[in-house]
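Novice: Sharing protein.tsv (TSV, C-alpha atoms) below.
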chain	number	residue	atom	x	y	z
M	1	ASP	CA	116.23	-7.36	143.61
M	2	GLY	CA	118.85	-4.78	142.76
M	3	GLY	CA	117.71	-1.22	142.63
M	4	ILE	CA	117.22	2.17	144.22
M	5	THR	CA	114.66	2.68	146.96
M	6	GLN	CA	113.33	5.94	148.30
M	7	SER	CA	111.22	6.47	151.39
M	8	PRO	CA	108.74	7.64	152.26
M	9	LYS	CA	106.61	7.86	149.15
M	10	TYR	CA	104.79	10.91	150.57
M	11	LEU	CA	106.10	13.29	153.25
M	12	PHE	CA	104.43	16.21	154.96
M	13	ARG	CA	106.41	19.03	156.48
M	14	LYS	CA	105.24	21.63	158.95
M	15	GLU	CA	106.57	25.17	158.93
M	16	GLY	CA	110.02	25.41	160.52
M	17	GLN	CA	110.54	21.66	160.51
M	18	ASN	CA	113.47	19.77	159.05
M	19	VAL	CA	112.65	16.54	157.23
M	20	THR	CA	114.89	13.81	155.84
M	21	LEU	CA	114.31	11.84	152.65
M	22	SER	CA	115.91	8.42	152.41
M	23	CYS	CA	117.71	7.00	149.37
M	24	GLU	CA	119.29	3.54	149.37
M	25	GLN	CA	120.86	1.54	146.54
M	26	ASN	CA	122.17	-2.01	146.36
M	27	LEU	CA	123.69	-1.67	142.90
M	28	ASN	CA	127.21	-1.09	144.25
M	29	HIS	CA	127.21	2.28	142.50
M	30	ASP	CA	129.79	4.85	143.56
M	31	ALA	CA	127.94	8.02	142.55
M	32	MET	CA	124.60	9.22	143.87
M	33	TYR	CA	122.48	12.29	143.08
M	34	TRP	CA	119.47	14.21	144.33
M	35	TYR	CA	117.17	16.04	141.90
M	36	ARG	CA	114.11	18.18	142.42
M	37	GLN	CA	111.18	18.25	139.98
M	38	ASP	CA	108.58	21.02	139.94
M	39	PRO	CA	105.37	20.92	137.85
M	40	GLY	CA	105.98	21.55	134.17
M	41	GLN	CA	109.72	21.45	134.56
M	42	GLY	CA	112.56	19.06	134.11
M	43	LEU	CA	114.77	17.91	136.94
M	44	ARG	CA	117.27	20.18	138.68
M	45	LEU	CA	120.30	18.92	140.61
M	46	ILE	CA	120.44	19.59	144.35
M	47	TYR	CA	123.53	17.65	145.50
M	48	TYR	CA	125.69	14.82	144.23
M	49	SER	CA	128.30	12.50	145.70
M	50	GLN	CA	130.93	10.60	143.79
M	51	ILE	CA	132.47	8.79	146.76
M	52	VAL	CA	131.78	8.10	150.43
M	53	ASN	CA	132.31	11.08	152.77
M	54	ASP	CA	132.39	13.53	149.86
M	55	PHE	CA	129.65	15.50	148.12
M	56	GLN	CA	129.20	18.64	146.01
M	57	LYS	CA	126.49	21.25	145.63
M	58	GLY	CA	124.36	21.25	142.53
M	59	ASP	CA	122.40	24.11	141.02
M	60	ILE	CA	119.84	24.55	143.81
M	61	ALA	CA	121.56	23.42	147.05
M	62	GLU	CA	120.34	26.28	149.27
M	63	GLY	CA	118.09	25.03	152.05
M	64	TYR	CA	119.19	21.41	151.66
M	65	SER	CA	121.88	19.23	153.24
M	66	VAL	CA	123.18	15.72	152.58
M	67	SER	CA	125.52	13.11	154.01
M	68	ARG	CA	127.29	10.12	152.50
M	69	GLU	CA	128.51	7.96	155.36
M	70	LYS	CA	127.90	4.70	153.52
M	71	LYS	CA	128.21	3.81	149.86
M	72	GLU	CA	124.63	2.53	149.79
M	73	SER	CA	122.95	5.55	151.37
M	74	PHE	CA	122.58	9.23	150.47
M	75	PRO	CA	119.91	10.92	152.63
M	76	LEU	CA	118.66	14.42	151.84
M	77	THR	CA	117.53	16.81	154.58
M	78	VAL	CA	115.17	19.61	153.65
M	79	THR	CA	115.78	22.32	156.22
M	80	SER	CA	113.55	25.13	157.41
M	81	ALA	CA	115.70	27.46	155.30
M	82	GLN	CA	114.15	25.98	152.15
M	83	LYS	CA	111.20	28.33	151.68
M	84	ASN	CA	109.46	26.47	148.87
M	85	PRO	CA	110.06	22.77	149.49
M	86	THR	CA	106.90	21.39	147.89
M	87	ALA	CA	108.14	19.28	144.98
M	88	PHE	CA	108.89	15.75	143.80
M	89	TYR	CA	112.35	14.55	144.81
M	90	LEU	CA	114.23	11.94	142.83
M	91	CYS	CA	117.39	10.11	143.83
M	92	ALA	CA	119.67	8.59	141.21
M	93	SER	CA	122.88	6.60	141.08
M	94	SER	CA	125.51	5.73	138.49
M	95	PRO	CA	128.14	3.01	138.49
M	96	GLY	CA	131.35	4.92	139.00
M	97	THR	CA	133.26	8.12	138.73
M	98	SER	CA	134.49	7.59	135.19
M	99	LYS	CA	132.93	10.08	132.90
M	100	GLN	CA	129.59	9.97	131.23
M	101	GLU	CA	127.84	7.10	132.90
M	102	THR	CA	124.11	6.51	132.81
M	103	GLN	CA	122.14	7.57	135.85
M	104	TYR	CA	119.35	5.32	137.15
M	105	PHE	CA	116.51	6.69	139.22
M	106	GLY	CA	114.53	5.67	142.27
M	107	PRO	CA	110.72	5.95	142.50
M	108	GLY	CA	110.74	9.39	144.14
M	109	THR	CA	109.33	11.12	147.22
M	110	ARG	CA	106.55	13.68	147.09
M	111	LEU	CA	107.06	16.41	149.72
M	112	LEU	CA	104.15	18.61	150.74
M	113	VAL	CA	104.07	21.51	153.17
M	114	LEU	CA	101.21	21.67	155.68
I	115	ALA	CA	126.33	26.18	130.40
I	116	GLN	CA	124.47	23.49	128.54
I	117	THR	CA	120.79	23.90	127.69
I	118	VAL	CA	118.21	21.41	126.42
I	119	THR	CA	115.05	22.47	124.61
I	120	GLN	CA	111.94	20.40	123.95
I	121	SER	CA	109.62	22.55	121.87
I	122	GLN	CA	106.61	20.22	121.94
I	123	PRO	CA	104.84	20.37	125.32
I	124	GLU	CA	102.28	17.79	124.15
I	125	MET	CA	102.03	15.23	121.38
I	126	SER	CA	99.46	12.59	120.52
I	127	VAL	CA	99.55	9.55	118.26
I	128	GLN	CA	97.18	6.81	117.23
I	129	GLU	CA	97.95	3.39	118.63
I	130	ALA	CA	100.25	1.40	116.31
I	131	GLU	CA	101.40	4.56	114.50
I	132	THR	CA	104.80	6.26	114.65
I	133	VAL	CA	105.60	9.48	116.48
I	134	THR	CA	108.73	11.62	116.70
I	135	LEU	CA	109.60	13.78	119.69
I	136	SER	CA	112.02	16.67	119.17
I	137	CYS	CA	114.97	17.81	121.26
I	138	THR	CA	117.69	20.35	120.62
I	139	TYR	CA	120.61	21.24	122.85
I	140	ASP	CA	123.35	23.77	123.07
I	141	THR	CA	126.95	23.03	124.02
I	142	SER	CA	130.44	23.94	122.94
I	143	GLU	CA	131.77	20.53	123.96
I	144	SER	CA	132.34	17.65	121.56
I	145	ASP	CA	132.26	14.62	123.87
I	146	TYR	CA	129.01	14.06	125.72
I	147	TYR	CA	126.04	11.71	126.14
I	148	LEU	CA	122.38	12.27	125.33
I	149	PHE	CA	119.45	10.42	126.86
I	150	TRP	CA	115.73	10.01	126.57
I	151	TYR	CA	113.93	9.21	129.82
I	152	LYS	CA	110.27	8.25	130.20
I	153	GLN	CA	108.21	9.30	133.22
I	154	PRO	CA	104.87	7.43	133.41
I	155	PRO	CA	102.12	8.37	135.88
I	156	SER	CA	104.03	6.53	138.62
I	157	ARG	CA	106.61	9.34	138.17
I	158	GLN	CA	109.64	7.08	138.19
I	159	MET	CA	112.20	8.11	135.57
I	160	ILE	CA	112.93	5.20	133.25
I	161	LEU	CA	115.82	5.19	130.80
I	162	VAL	CA	114.60	4.72	127.23
I	163	ILE	CA	117.72	5.15	125.15
I	164	ARG	CA	121.15	6.79	125.17
I	165	GLN	CA	123.52	8.09	122.52
I	166	GLU	CA	127.24	8.71	122.74
I	167	ALA	CA	128.18	11.85	120.84
I	168	TYR	CA	131.31	10.28	119.35
I	169	LYS	CA	129.24	7.56	117.66
I	170	GLN	CA	127.82	8.40	114.26
I	171	GLN	CA	125.40	5.48	114.30
I	172	ASN	CA	122.00	6.26	115.74
I	173	ALA	CA	121.04	4.26	118.82
I	174	THR	CA	118.07	1.88	118.71
I	175	GLU	CA	116.23	-0.07	121.42
I	176	ASN	CA	113.44	-2.23	120.03
I	177	ARG	CA	110.65	0.19	118.96
I	178	PHE	CA	112.64	3.25	120.04
I	179	SER	CA	115.27	4.92	117.90
I	180	VAL	CA	116.96	8.29	117.74
I	181	ASN	CA	117.96	10.66	114.97
I	182	PHE	CA	121.17	12.25	116.23
I	183	GLN	CA	122.37	15.22	114.19
I	184	LYS	CA	125.52	16.45	115.94
I	185	ALA	CA	126.18	19.47	113.75
I	186	ALA	CA	122.60	20.63	114.13
I	187	LYS	CA	122.62	19.73	117.86
I	188	SER	CA	119.41	17.81	117.41
I	189	PHE	CA	118.38	14.56	119.12
I	190	SER	CA	114.88	13.36	118.25
I	191	LEU	CA	113.18	10.18	119.52
I	192	LYS	CA	111.09	8.02	117.21
I	193	ILE	CA	108.61	5.58	118.69
I	194	SER	CA	107.33	3.00	116.22
I	195	ASP	CA	104.18	0.90	116.62
I	196	SER	CA	103.01	3.07	119.52
I	197	GLN	CA	101.39	1.21	122.42
I	198	LEU	CA	99.11	2.36	125.20
I	199	GLY	CA	101.94	1.77	127.68
I	200	ASP	CA	104.04	4.37	125.90
I	201	ALA	CA	101.85	7.15	127.29
I	202	ALA	CA	104.08	9.25	129.55
I	203	MET	CA	106.18	12.38	129.86
I	204	TYR	CA	109.37	12.08	127.85
I	205	PHE	CA	112.45	14.01	128.86
I	206	CYS	CA	115.54	14.64	126.80
I	207	ALA	CA	118.73	14.98	128.87
I	208	PHE	CA	122.37	15.94	128.28
I	209	LEU	CA	125.36	14.64	130.23
I	210	LEU	CA	128.82	16.15	130.20
I	211	GLY	CA	131.41	14.56	132.41
I	212	HIS	CA	130.15	12.71	135.49
I	213	GLU	CA	128.16	15.41	137.18
I	214	LYS	CA	124.64	16.52	136.51
I	215	LEU	CA	122.16	15.65	133.85
I	216	THR	CA	120.65	18.71	132.19
I	217	PHE	CA	116.99	18.08	131.37
I	218	GLY	CA	114.52	19.61	128.96
I	219	THR	CA	111.03	20.54	130.14
I	220	GLY	CA	109.46	17.39	128.74
I	221	THR	CA	106.86	16.32	126.16
I	222	ARG	CA	103.63	14.72	127.27
I	223	LEU	CA	102.75	11.87	124.90
I	224	THR	CA	99.17	10.66	124.63
I	225	ILE	CA	98.30	7.42	122.84
I	226	ILE	CA	94.88	7.40	121.18
I	227	PRO	CA	93.28	3.91	121.10
Could I get this file's structure written as structure tokens?

Specialist:
Amino acid sequence: DGGITQSPKYLFRKEGQNVTLSCEQNLNHDAMYWYRQDPGQGLRLIYYSQIVNDFQKGDIAEGYSVSREKKESFPLTVTSAQKNPTAFYLCASSPGTSKQETQYFGPGTRLLVL
Amino acid sequence: AQTVTQSQPEMSVQEAETVTLSCTYDTSESDYYLFWYKQPPSRQMILVIRQEAYKQQNATENRFSVNFQKAAKSFSLKISDSQLGDAAMYFCAFLLGHEKLTFGTGTRLTIIP
């Protein structure tokens, strides 16, 4: 099946710990995105990547890092510098870098702080 | 910066009836896309419908249709023949270029059997 997978479904982080959220797609999409969703709010962009080995900060990049070594993969690391990491994290992808293309979402990862 | 406003935090509708969810946005651009996404209890974001701003014709997808009023910057979603499976959070979103989607805060839709 073609689609976007995210793992794990639930993730627990201890104080001072870095954790990495996985996002993989087999849709042959060029662009990938990470969003954060807090209760009662819409999604906010953390990072996005339009091509391998390149990525840009979104609106709330502080305390997060990403890499894009392969077209299929766009992992997000939540570092200890992120003081309020508890949220639902959604990964998305879109077909290419031409403008205004629909973004499709994965099932999400729920991150909780112990 | 673009903003998206959904003024109805919650809506309810009887099964088989029709409901309209409201969305307004603010932009100075003329070429953009608008979307409605559905987020059921599983929390995955599912595309419902999209509208290209340069098209005057309103988009439709089966029971879902939009009323796109470009001058008024309004983009409402109409769901006809509501079904129990339509219960979810609905988010309106704006896309300019190939960067981020700007989302509204969502409308929780309840279907009454």

Novice: With a cut-off of 6 Å and counting all atoms listed in the file, select all residues of chain I in contact with chain M and give the selection as a list in words.

Specialist: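 Here they are: Gln158, Met159, Gly211, His212, Phe217, Gly218 and Thr219 of chain I.
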
Novice: Any idea what the distance is between atom CA of I:Gln128 and atom CA of I:Pro154?

Specialist: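 Answer for the atom CA of I:Gln128 to atom CA of I:Pro154 separation: 17.9 Å.
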
Novice: Can you tell me which residues surround stretch 181-185 of chain I at a distance of at most 9 Å, considering only C-alpha atoms, apart from same-chain residues fewer than 2 positions away, and format the answer as a CSV table (one decimal) with C-alpha atoms, in the frame of the given file?

Specialist:
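Now in result.csv:
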chain,number,residue,atom,x,y,z
I,144,SER,CA,132.3,17.6,121.6
I,165,GLN,CA,123.5,8.1,122.5
I,167,ALA,CA,128.2,11.8,120.8
I,170,GLN,CA,127.8,8.4,114.3
I,171,GLN,CA,125.4,5.5,114.3
I,172,ASN,CA,122.0,6.3,115.7
I,173,ALA,CA,121.0,4.3,118.8
I,179,SER,CA,115.3,4.9,117.9
I,187,LYS,CA,122.6,19.7,117.9
I,188,SER,CA,119.4,17.8,117.4
I,189,PHE,CA,118.4,14.6,119.1
I,190,SER,CA,114.9,13.4,118.2
I,191,LEU,CA,113.2,10.2,119.5
I,192,LYS,CA,111.1,8.0,117.2

Novice: Quick one: residues within 6 Å of stretch 119-121 of chain I, all atoms listed in the file counted, chain neighbours fewer than 5 positions away excluded, as an NGL selection string?

Specialist: :I and (137-139 or 218)

Novice: In Å, how far is it from atom CA of I:Val133 to atom CA of I:Val180?

Specialist: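 Result for atom CA of I:Val133 versus atom CA of I:Val180: 11.5 Å, one decimal.
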
Novice: When you count only C-alpha atoms, which of these residues is closest to I:Glu166: I:Lys152, I:Leu210, I:Met125, I:Ser196?

Specialist: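 Nearest candidate to I:Glu166 out of I:Lys152, I:Leu210, I:Met125, I:Ser196: I:Leu210.
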
Novice: Between atom CA of I:Glu131 and atom CA of I:Phe208, what is the spacing in Å?

Specialist: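 Separating atom CA of I:Phe208 from atom CA of I:Glu131 is a distance of 27.6 Å.
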